[in-house]
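Enquirer: The file below is target36.tsv, TSV, C-alpha atoms:
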chain	number	residue	atom	x	y	z
G	1	MET	CA	65.21	37.02	71.11
G	2	ALA	CA	62.63	39.64	70.14
G	3	ALA	CA	64.25	39.98	66.74
G	4	THR	CA	64.01	36.22	66.27
G	5	PHE	CA	60.32	36.28	67.18
G	6	ARG	CA	59.74	39.15	64.78
G	7	ARG	CA	61.51	37.34	62.02
G	8	PHE	CA	59.58	34.19	62.79
G	9	GLY	CA	56.28	36.20	62.78
G	10	THR	CA	57.16	37.73	59.43
G	11	LEU	CA	57.87	34.33	57.95
G	12	TRP	CA	54.63	32.98	59.40
G	13	ARG	CA	52.64	35.86	57.90
G	14	LYS	CA	54.27	35.34	54.51
G	15	HIS	CA	53.48	31.66	54.78
G	16	LEU	CA	49.82	32.40	55.55
G	17	GLU	CA	49.57	34.88	52.68
G	18	HIS	CA	50.87	32.27	50.22
G	19	GLU	CA	48.65	29.51	51.64
G	20	LEU	CA	45.33	31.42	51.53
G	21	PRO	CA	45.24	31.98	47.72
G	22	ASP	CA	46.22	28.34	47.13
G	23	ARG	CA	43.33	27.12	49.27
G	24	LYS	CA	40.92	29.46	47.49
G	25	MET	CA	42.15	28.20	44.11
G	26	GLN	CA	41.83	24.60	45.21
G	27	HIS	CA	38.29	25.28	46.48
G	28	ARG	CA	37.34	26.98	43.19
G	29	GLY	CA	38.86	24.10	41.17
G	30	ARG	CA	36.90	21.57	43.19
G	31	ASN	CA	33.67	23.52	42.61
G	32	ALA	CA	34.32	23.71	38.84
G	33	ILE	CA	35.06	19.98	38.62
G	34	GLY	CA	31.89	19.21	40.60
G	35	ALA	CA	29.81	21.41	38.26
G	36	VAL	CA	31.27	19.71	35.17
G	37	ILE	CA	30.61	16.26	36.64
G	38	ALA	CA	27.02	17.26	37.51
G	39	LEU	CA	26.46	18.63	33.99
G	40	LEU	CA	27.89	15.48	32.38
G	41	SER	CA	25.70	13.32	34.64
G	42	LEU	CA	22.59	15.27	33.60
G	43	MET	CA	23.51	14.93	29.92
G	44	LEU	CA	24.10	11.19	30.35
G	45	LEU	CA	20.71	10.79	32.07
G	46	ALA	CA	18.98	12.76	29.28
G	47	MET	CA	20.66	10.59	26.61
G	48	CYS	CA	19.62	7.39	28.43
G	49	ALA	CA	16.03	8.65	28.70
G	50	GLY	CA	16.00	9.53	24.98
G	51	ALA	CA	17.43	6.13	24.03
G	52	ALA	CA	14.80	4.39	26.17
G	53	ALA	CA	12.04	6.41	24.48
G	54	VAL	CA	13.39	5.50	21.02
G	55	VAL	CA	13.53	1.79	21.93
G	56	MET	CA	9.95	1.89	23.27
G	57	GLN	CA	8.73	3.66	20.11
G	58	PHE	CA	10.55	1.13	17.91
G	59	ARG	CA	8.99	-1.80	19.77
G	60	SER	CA	5.49	-0.33	19.56
G	61	THR	CA	5.93	0.39	15.83
G	62	LYS	CA	7.21	-3.15	15.26
G	63	SER	CA	4.22	-4.69	17.06
G	64	GLU	CA	1.83	-2.42	15.15
G	65	ILE	CA	3.38	-3.50	11.82
G	66	ALA	CA	3.01	-7.17	12.80
G	67	TYR	CA	-0.65	-6.57	13.73
G	68	LEU	CA	-1.34	-4.80	10.42
G	69	GLN	CA	0.34	-7.62	8.48
G	70	ARG	CA	-1.93	-10.15	10.21
G	71	GLU	CA	-4.96	-7.99	9.40
G	72	VAL	CA	-3.96	-7.71	5.73
G	73	LEU	CA	-3.47	-11.46	5.52
G	74	SER	CA	-6.90	-12.15	7.05
G	75	LEU	CA	-8.50	-9.59	4.71
G	76	LYS	CA	-6.84	-11.23	1.70
G	77	GLU	CA	-8.15	-14.63	2.77
G	78	ARG	CA	-11.64	-13.23	3.34
G	79	LEU	CA	-11.56	-11.50	-0.06
G	80	ALA	CA	-10.46	-14.73	-1.76
G	81	ARG	CA	-13.34	-16.62	-0.08
G	82	ILE	CA	-15.84	-13.93	-1.11
G	83	ASP	CA	-14.49	-13.95	-4.66
G	84	GLN	CA	-14.78	-17.73	-4.88
G	85	ALA	CA	-18.32	-17.62	-3.48
G	86	GLU	CA	-19.27	-14.89	-5.98
G	87	LYS	CA	-17.82	-16.88	-8.89
G	88	ALA	CA	-19.68	-19.99	-7.74
G	89	ARG	CA	-22.91	-17.97	-7.39
G	90	GLN	CA	-22.50	-16.47	-10.88
G	91	LEU	CA	-21.76	-19.89	-12.36
G	92	GLU	CA	-24.79	-21.37	-10.64
G	93	LYS	CA	-26.91	-18.42	-11.76
G	94	ALA	CA	-25.69	-18.82	-15.33
G	95	ASN	CA	-26.40	-22.56	-15.27
G	96	THR	CA	-29.89	-22.13	-13.81
G	97	GLY	CA	-30.54	-19.15	-16.10
G	98	TRP	CA	-29.67	-21.21	-19.15
G	99	ALA	CA	-31.88	-24.07	-17.98
G	100	LYS	CA	-34.83	-21.75	-17.32
G	101	SER	CA	-34.36	-19.77	-20.51
G	102	GLY	CA	-34.09	-23.02	-22.50
G	103	ASP	CA	-37.41	-24.15	-21.05
G	104	ASN	CA	-39.31	-20.88	-21.31
G	105	LYS	CA	-37.87	-19.02	-24.30
G	106	SER	CA	-36.96	-19.79	-27.84
G	107	GLY	CA	-33.45	-19.16	-29.15
G	108	ASP	CA	-34.63	-16.09	-31.10
G	109	ASN	CA	-36.11	-14.42	-28.00
G	110	LEU	CA	-32.91	-15.14	-26.06
G	111	ALA	CA	-30.78	-13.65	-28.82
G	112	GLN	CA	-32.96	-10.53	-28.96
G	113	GLU	CA	-32.78	-10.10	-25.19
G	114	ALA	CA	-28.99	-10.55	-25.19
G	115	ALA	CA	-28.30	-8.45	-28.26
G	116	LEU	CA	-26.23	-5.34	-27.75
G	117	ASN	CA	-27.53	-2.75	-30.20
G	118	LEU	CA	-24.58	-0.95	-31.75
G	119	SER	CA	-24.77	1.79	-34.34
G	120	ALA	CA	-22.61	1.82	-37.46
G	121	ASP	CA	-20.37	4.50	-35.91
G	122	GLU	CA	-19.93	2.44	-32.74
G	123	ILE	CA	-19.05	-0.64	-34.78
G	124	ARG	CA	-16.51	1.40	-36.75
G	125	ILE	CA	-14.96	2.71	-33.48
G	126	ILE	CA	-14.74	-0.83	-32.10
G	127	ARG	CA	-13.05	-2.07	-35.27
G	128	ASP	CA	-10.59	0.84	-35.09
G	129	TYR	CA	-9.46	-0.31	-31.63
G	130	ILE	CA	-9.71	-4.10	-32.08
G	131	LYS	CA	-8.17	-5.61	-35.17
G	132	PRO	CA	-8.56	-9.41	-35.20
G	133	ALA	CA	-6.27	-11.61	-37.22
G	134	GLN	CA	-7.75	-13.56	-40.10
G	135	SER	CA	-9.11	-16.95	-39.10
G	136	ALA	CA	-6.84	-19.87	-39.81
G	137	ASP	CA	-9.75	-22.34	-39.63
G	138	PRO	CA	-12.59	-21.13	-41.90
G	139	ALA	CA	-14.44	-24.45	-41.54
G	140	SER	CA	-15.34	-23.88	-37.86
G	141	THR	CA	-18.87	-22.73	-37.03
G	142	PRO	CA	-19.34	-18.98	-36.60
G	143	MET	CA	-20.49	-17.48	-33.30
G	144	ASN	CA	-23.99	-16.04	-33.02
G	145	VAL	CA	-25.55	-13.62	-30.56
G	146	GLY	CA	-26.65	-15.56	-27.47
G	147	ASP	CA	-24.09	-18.37	-27.84
G	148	PRO	CA	-22.24	-19.20	-24.62
G	149	ILE	CA	-18.67	-17.93	-24.40
G	150	ILE	CA	-16.12	-20.59	-23.58
G	151	GLY	CA	-12.58	-19.53	-22.85
G	152	PRO	CA	-10.97	-16.33	-21.70
G	153	THR	CA	-12.20	-12.83	-22.48
G	154	ILE	CA	-10.31	-9.53	-22.44
G	155	PRO	CA	-11.57	-6.22	-21.00
G	156	LEU	CA	-12.30	-3.60	-23.64
G	157	PRO	CA	-9.71	-0.79	-23.79
G	158	SER	CA	-10.64	2.22	-21.67
G	159	PRO	CA	-10.35	4.71	-24.59
G	160	LEU	CA	-12.97	2.63	-26.40
G	161	THR	CA	-15.33	2.53	-23.41
G	162	GLU	CA	-14.95	6.29	-23.04
G	163	LYS	CA	-16.16	6.76	-26.62
G	164	VAL	CA	-18.91	4.11	-26.33
G	165	PRO	CA	-20.18	4.31	-22.72
G	166	LYS	CA	-22.61	1.39	-23.09
G	167	LEU	CA	-19.54	-0.88	-23.30
G	168	ILE	CA	-18.25	0.03	-19.82
G	169	GLY	CA	-17.39	-3.20	-18.02
G	170	ALA	CA	-17.76	-5.25	-21.21
G	171	ARG	CA	-15.18	-7.78	-22.38
G	172	PHE	CA	-14.33	-9.21	-25.77
G	173	ALA	CA	-12.92	-12.30	-27.40
G	174	ILE	CA	-11.91	-13.08	-30.96
G	175	ARG	CA	-13.22	-16.27	-32.57
G	176	ASN	CA	-12.73	-17.13	-36.25
G	177	GLY	CA	-11.79	-13.53	-37.06
G	178	ALA	CA	-15.00	-12.16	-35.48
G	179	ILE	CA	-15.10	-9.81	-32.48
G	180	ILE	CA	-17.38	-11.22	-29.79
G	181	ILE	CA	-18.52	-8.64	-27.19
G	182	VAL	CA	-19.78	-9.80	-23.80
G	183	LYS	CA	-21.60	-7.38	-21.51
G	184	ARG	CA	-20.76	-7.08	-17.84
G	185	ASP	CA	-21.92	-10.11	-15.78
G	186	SER	CA	-22.77	-12.05	-18.92
G	187	ARG	CA	-21.33	-15.34	-20.19
G	188	ARG	CA	-22.84	-15.29	-23.68
G	189	ALA	CA	-22.18	-13.36	-26.87
G	190	ASP	CA	-24.06	-10.06	-26.67
G	191	ALA	CA	-22.73	-8.74	-29.98
G	192	VAL	CA	-20.87	-10.41	-32.82
G	193	LEU	CA	-18.94	-8.28	-35.31
G	194	GLY	CA	-18.06	-10.53	-38.20
G	195	PRO	CA	-14.80	-10.23	-40.10
G	196	ASN	CA	-14.63	-7.47	-42.71
Please rewrite the model in this file as structure tokens.

Expert:
Amino acid sequence: MAATFRRFGTLWRKHLEHELPDRKMQHRGRNAIGAVIALLSLMLLAMCAGAAAVVMQFRSTKSEIAYLQREVLSLKERLARIDQAEKARQLEKANTGWAKSGDNKSGDNLAQEAALNLSADEIRIIRDYIKPAQSADPASTPMNVGDPIIGPTIPLPSPLTEKVPKLIGARFAIRNGAIIIVKRDSRRADAVLGPN
């Protein structure tokens, strides 16, 4: 009987020795799995927070772009209104200026006031840059200094205005083979360079 109990005790001890490491391993495995799950949860939360921040930033940028587009549109409209008002004011000024100058001044005084004094070198430089075609209609009346300019004008080339600074902002037109120069804010011929 004692031998049976001893044998049974030995088996029980062996059983306990085998069971203890298994429980420790299971406990360690559970701890490692819990740590991995916790780490993955933290990473998922960080990614969600980052995605939310990106979405908020995108929405704020989108609303800012829409606001700026509305501002640009209103500025364009305001600029167009100001430009129209300025053109109307200049046209009215030109019309009233012509009426007053017609009443108070002779044509010679008006031509002298409007004349743009150009030296021979300046005229040569202008002709080097602007080469008008020969007139197809020689019977039409030539332009004179002080005559009103009807029709479109072209800005003078910047290399020309750099060489002749008094022409900055001036425009030109070609009529009957002649170069008509119009000073800034003027609607009449300020200089007429006849064909060669």

Enquirer: For a cutoff of 8 Å around the file-coordinate point (-15.0, 4.2, -30.5), which residues qualify once you count only C-alpha atoms? I'd like the result as a list in words.

Expert: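 Here the neighbourhood of the point contains Asp121, Glu122, Ile123, Arg124, Ile125, Ile126, Asp128, Tyr129, Pro159, Leu160, Thr161, Glu162, Lys163 and Val164 of chain G.
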
Enquirer: Emit the selected residues as a PDB file, in the frame of the given file, including C-alpha atoms.

Expert:
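And here is the file that came out, part.pdb:
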ATOM      1  CA  ASP G 121     -20.370   4.500 -35.910  1.00  0.00           C
ATOM      2  CA  GLU G 122     -19.930   2.440 -32.740  1.00  0.00           C
ATOM      3  CA  ILE G 123     -19.050  -0.640 -34.780  1.00  0.00           C
ATOM      4  CA  ARG G 124     -16.510   1.400 -36.750  1.00  0.00           C
ATOM      5  CA  ILE G 125     -14.960   2.710 -33.480  1.00  0.00           C
ATOM      6  CA  ILE G 126     -14.740  -0.830 -32.100  1.00  0.00           C
ATOM      7  CA  ASP G 128     -10.590   0.840 -35.090  1.00  0.00           C
ATOM      8  CA  TYR G 129      -9.460  -0.310 -31.630  1.00  0.00           C
ATOM      9  CA  PRO G 159     -10.350   4.710 -24.590  1.00  0.00           C
ATOM     10  CA  LEU G 160     -12.970   2.630 -26.400  1.00  0.00           C
ATOM     11  CA  THR G 161     -15.330   2.530 -23.410  1.00  0.00           C
ATOM     12  CA  GLU G 162     -14.950   6.290 -23.040  1.00  0.00           C
ATOM     13  CA  LYS G 163     -16.160   6.760 -26.620  1.00  0.00           C
ATOM     14  CA  VAL G 164     -18.910   4.110 -26.330  1.00  0.00           C
TER      15      VAL G 164
END

Enquirer: Would you mind reading off the distance between atom CA of G:Asn144 and atom CA of G:Val182, one decimal, in Å?

Expert: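 Computed distance, atom CA of G:Asn144 to atom CA of G:Val182, equals 11.9 Å.
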
Enquirer: Can you pull out the residues contacting G:Pro142? Cut-off 10 Å, using all atoms listed in the file, and skip same-chain residues under 6 positions away; I want them as number ranges by chain.

Expert: G: 175-178, 192, 194

Enquirer: Rounded to one decimal place, report the atom CA of G:Thr61-atom CA of G:Leu79 distance in Å.

Expert: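 Interatomic distance here is 26.5 Å.
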
Enquirer: Skip G:Ala170 itself and residues of its chain fewer than 5 positions away, then list as a ChimeraX atom specification all residues within 10 Å of it, counting all atoms listed in the file.

Expert: /G:153-157,161,165,181-186,190

Enquirer: Taking C-alpha atoms for each residue, export the selection above as a PDB file, in the frame of the given file.

Expert:
ATOM      1  CA  THR G 153     -12.200 -12.830 -22.480  1.00  0.00           C
ATOM      2  CA  ILE G 154     -10.310  -9.530 -22.440  1.00  0.00           C
ATOM      3  CA  PRO G 155     -11.570  -6.220 -21.000  1.00  0.00           C
ATOM      4  CA  LEU G 156     -12.300  -3.600 -23.640  1.00  0.00           C
ATOM      5  CA  PRO G 157      -9.710  -0.790 -23.790  1.00  0.00           C
ATOM      6  CA  THR G 161     -15.330   2.530 -23.410  1.00  0.00           C
ATOM      7  CA  PRO G 165     -20.180   4.310 -22.720  1.00  0.00           C
ATOM      8  CA  ILE G 181     -18.520  -8.640 -27.190  1.00  0.00           C
ATOM      9  CA  VAL G 182     -19.780  -9.800 -23.800  1.00  0.00           C
ATOM     10  CA  LYS G 183     -21.600  -7.380 -21.510  1.00  0.00           C
ATOM     11  CA  ARG G 184     -20.760  -7.080 -17.840  1.00  0.00           C
ATOM     12  CA  ASP G 185     -21.920 -10.110 -15.780  1.00  0.00           C
ATOM     13  CA  SER G 186     -22.770 -12.050 -18.920  1.00  0.00           C
ATOM     14  CA  ASP G 190     -24.060 -10.060 -26.670  1.00  0.00           C
TER      15      ASP G 190
END

Enquirer: Find the distance between atom CA of G:Val55 and atom CA of G:Leu68 and write it in Å to one decimal.

Expert: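 Pair atom CA of G:Val55 / atom CA of G:Leu68 returns 19.9 Å.
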
Enquirer: Between G:Val72, G:Leu118, G:Val54, G:Ile149, which residue has the minimum interatomic distance to G:Ala94, considering only C-alpha atoms?

Expert: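 Once distances to G:Ala94 are computed over only C-alpha atoms, the minimum belongs to G:Ile149.
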